[in-house]
Structures are given as C-alpha cells and as structure tokens.
Amino acid sequence: VLLLDEPTNGVDPVSRRDFWRILYRILKDGAAILVTTAYLDEAERCNRVGLLDRGRMLAQGAPAEVKRLMRGSLIGLHGPDARGMYRQLRAQLPARSISLFGDKVHVVCENPAVCIEQARALLEQAGLACDEAREIEPSLEDVFVSVLGQSDGAEGSPAENAAGALSASPGLGPTPAAAESAVQVRNLTRAFGRFVAVDRISFDAQRGRIFGFLG
C-alpha cells in the first residue's frame, strides 16, 4: 500500500506527468495507491475518487459515476471577453449556475438548446462576441462546484460566489487609490552556468491585482 499526501503540490506540469507514469508502473505490480490532491485533472486518472470539503465526503465512486451526480446539462461558451460574458450572463440568464473557468463560461441548465439560444441573444444585445456555445461533458471540477453548491444549500457554490464578488469591480482592476506598483522588476536575469533561465525581464505588479508569472 502506497499513501501519498498531495505529492505533486507545487510541482511543474512535466514533472507531474512523469510522476503519474511512475505510479502507473507501481500499480501494475499490484500495489494499492491512495493519493490526496487538489488537482482535479489528477483525480480523473484514478480508478475511484472521493470529493472532500472541510472533512465531509461529498461524493465517491469511479470518475464517470461521480460526474453523473451533477444536476442539469453543462453548456460551454467561449469568447474574447470571458469575464464580460460571465457578468452579463450571471445578471440576466436563468440557469442553475454560471461559473467562470479560465477563458470559458460554464452554464448549468435544464434545456441546453434553449439555454444556448438565450445566452447568444443576451451576449449579442450587450455587444459581446461569442465564438462558441455548445453542450459539453462536465469535468470533475464542474461536478465539485455543483455538488458544493448543493451541499451548502445556497443558490450558488462558493466558487461562483467568489467569482461574482470579484466581477463586481468593472475590469477587475485596482481602485485609483491602489493603482501604484507594489513590486517593480527591471532587467532581471538569472543564469545557471551557460543556461540563461530569465533573460532581462521587466514587469510591474500593482496593488489590488493578482499577478501570475509562468515559466
């Protein structure tokens, strides 16, 4: 039996992929593996999963079984201004839940065809382009958000409520009083021998914003 507590937390994507290859090799030797993870794409790799929230088991079973717990159908919408689409649809579209997932908006509704038609009409009225709107298969992340909302007995899940609070500020930018830079980086270089990992980069991180640096 192999017990692993969040073994890939903070690990880069390539190393995470290699780590799971090692786990699959161990699995072939007959080991039982229990993994805790906050990455739901990793949970998709497991034979059985249990969704936990604050010590409570919300759901358990094979990934396909857990996905069937989500009520309603899932619509995915994509456009150049996902946040604007999210704000517009959340304010006017009747649906079970509306969530922002990166550059896409996910809508849980009862009738996919009607929902897509209504969403496109609302976005067109607001002058927001929608490149794609179609019914999609829910991921475990979609199901987790949906099950959390059901277990809390709230109209929206904690993730949705948090996104709604963020989008209350137009453009999600800082207030004028907080627009100054909290961090200033100029011509930063980091080398390991002949390998230059960071080559003369400059950037500002303003107060009141979340700044993500990937690479």
# chains A, B, ... in the order shown; residues from 1 in each chain; ligands from 1
>>> residues_around(residues="range 116-130 of chain A", least_positions_apart="6", cutoff="7 Å", atoms="only C-alpha atoms", output="PyMOL selection string")
chain A and resi 77-80+85+89+93
>>> select_by_dssp(residues="range 13-215 of chain A", states="strand (DSSP E or B)", output="VMD selection string")
chain A and resid 33 to 36 49 to 53 56 to 61 73 to 78 97 to 101 104 to 109 132 to 135 181 to 192 195 to 206
>>> atom_distance(atom1="CA of Asp131 in chain A", atom2="CA of Met70 in chain A")
25.7 Å
>>> residues_around(residues="Ala32 in chain A", least_positions_apart="5", cutoff="10 Å", atoms="only C-alpha atoms", output="list of chain:residue names")
A:Val1, A:Leu2, A:Leu3, A:Ile26, A:Leu27
>>> atom_distance(atom1="CA of Gly30 in chain A", atom2="CA of Leu52 in chain A")
26.3 Å
>>> select_by_dssp(residues="chain A", states="alpha helix (DSSP H)", output="JSON, numbers by chain")
{"A": [13, 14, 15, 16, 17, 18, 19, 20, 21, 22, 23, 24, 25, 26, 27, 28, 40, 41, 42, 43, 63, 64, 65, 66, 67, 82, 83, 84, 85, 86, 87, 88, 89, 90, 91, 92, 112, 113, 114, 115, 116, 117, 118, 119, 120, 121, 122, 123, 124, 125, 140, 141, 142, 143, 144, 145, 146, 147, 148, 149, 150, 151, 152, 158, 159, 160, 161, 162, 163, 164, 165, 166]}
>>> closest_residue(among="A:Arg45, A:Ala38, A:Val143, A:Phe211", to="Arg17 in chain A", atoms="only C-alpha atoms")
A:Arg45
>>> closest_residue(among="A:Lys104, A:Arg16, A:Lys28, A:Arg71", to="Ala133 in chain A", atoms="only C-alpha atoms")
A:Lys104
>>> atom_distance(atom1="CA of Glu6 in chain A", atom2="CA of Leu23 in chain A")
13.6 Å
>>> residues_around(residues="Lys67 in chain A", least_positions_apart="6", cutoff="9 Å", atoms="only C-alpha atoms", output="list in words")
Glu137, Pro138, Ser139, Leu140, Asp142, Val143 and Phe144 of chain A
>>> residues_around(residues="Asp5 in chain A", least_positions_apart="3", cutoff="10 Å", atoms="only C-alpha atoms", output="list in words")
Thr8, Asn9, Leu34, Val35, Thr36 and Thr37 of chain A
>>> write_last_selection(atoms="N, CA, C and O atoms", output="mmCIF file, in the first residue's frame")
data_model
loop_
_atom_site.group_PDB
_atom_site.id
_atom_site.type_symbol
_atom_site.label_atom_id
_atom_site.label_comp_id
_atom_site.auth_asym_id
_atom_site.auth_seq_id
_atom_site.Cartn_x
_atom_site.Cartn_y
_atom_site.Cartn_z
ATOM 1 N N THR A 8 2.150 16.060 -5.548
ATOM 2 C CA THR A 8 2.521 16.917 -6.685
ATOM 3 C C THR A 8 2.206 18.382 -6.439
ATOM 4 O O THR A 8 2.214 19.181 -7.367
ATOM 5 N N ASN A 9 1.915 18.750 -5.197
ATOM 6 C CA ASN A 9 1.603 20.141 -4.891
ATOM 7 C C ASN A 9 2.794 21.047 -5.215
ATOM 8 O O ASN A 9 3.880 20.870 -4.681
ATOM 9 N N LEU A 34 -3.184 5.270 -2.552
ATOM 10 C CA LEU A 34 -4.129 6.292 -2.094
ATOM 11 C C LEU A 34 -3.450 7.641 -2.220
ATOM 12 O O LEU A 34 -2.396 7.875 -1.619
ATOM 13 N N VAL A 35 -4.036 8.533 -3.011
ATOM 14 C CA VAL A 35 -3.450 9.839 -3.273
ATOM 15 C C VAL A 35 -4.433 10.931 -2.873
ATOM 16 O O VAL A 35 -5.615 10.859 -3.220
ATOM 17 N N THR A 36 -3.963 11.938 -2.140
ATOM 18 C CA THR A 36 -4.773 13.139 -1.932
ATOM 19 C C THR A 36 -4.225 14.218 -2.850
ATOM 20 O O THR A 36 -3.013 14.356 -3.018
ATOM 21 N N THR A 37 -5.103 14.978 -3.473
ATOM 22 C CA THR A 37 -4.674 16.002 -4.420
ATOM 23 C C THR A 37 -5.717 17.101 -4.517
ATOM 24 O O THR A 37 -6.910 16.863 -4.333
#
>>> residues_around(residues="Val108 in chain A", least_positions_apart="6", cutoff="10 Å", atoms="only C-alpha atoms", output="list in words")
Met70, Arg71, Gly72, Ser73, Leu74, Ile75, Gly76, Pro94, Ala95, Arg96, Ser97, Ile98, Ser99, Cys115, Glu135, Pro138, Asp142 and Ser146 of chain A
>>> residues_around(residues="Pro13 in chain A", least_positions_apart="6", cutoff="12 Å", atoms="only C-alpha atoms", output="MDAnalysis selection string")
chainID A and resid 19:20 39 41:42 214:215
>>> write_last_selection(atoms="N, CA and C atoms", output="mmCIF file, in the first residue's frame")
data_model
loop_
_atom_site.group_PDB
_atom_site.id
_atom_site.type_symbol
_atom_site.label_atom_id
_atom_site.label_comp_id
_atom_site.auth_asym_id
_atom_site.auth_seq_id
_atom_site.Cartn_x
_atom_site.Cartn_y
_atom_site.Cartn_z
ATOM 1 N N PHE A 19 5.571 11.824 -12.857
ATOM 2 C CA PHE A 19 5.239 11.207 -11.566
ATOM 3 C C PHE A 19 4.105 10.194 -11.721
ATOM 4 N N TRP A 20 3.085 10.572 -12.501
ATOM 5 C CA TRP A 20 1.960 9.664 -12.689
ATOM 6 C C TRP A 20 2.353 8.442 -13.520
ATOM 7 N N TYR A 39 -5.609 18.829 -7.360
ATOM 8 C CA TYR A 39 -5.706 18.934 -8.817
ATOM 9 C C TYR A 39 -6.747 17.928 -9.314
ATOM 10 N N ASP A 41 -7.709 17.366 -12.318
ATOM 11 C CA ASP A 41 -7.289 16.623 -13.504
ATOM 12 C C ASP A 41 -6.524 15.369 -13.097
ATOM 13 N N GLU A 42 -5.867 15.388 -11.928
ATOM 14 C CA GLU A 42 -5.218 14.194 -11.415
ATOM 15 C C GLU A 42 -6.251 13.195 -10.901
ATOM 16 N N LEU A 214 4.383 32.728 -15.127
ATOM 17 C CA LEU A 214 4.530 31.331 -15.513
ATOM 18 C C LEU A 214 5.759 31.134 -16.371
ATOM 19 N N GLY A 215 6.469 30.039 -16.139
ATOM 20 C CA GLY A 215 7.616 29.760 -16.984
ATOM 21 C C GLY A 215 8.734 29.102 -16.195
#
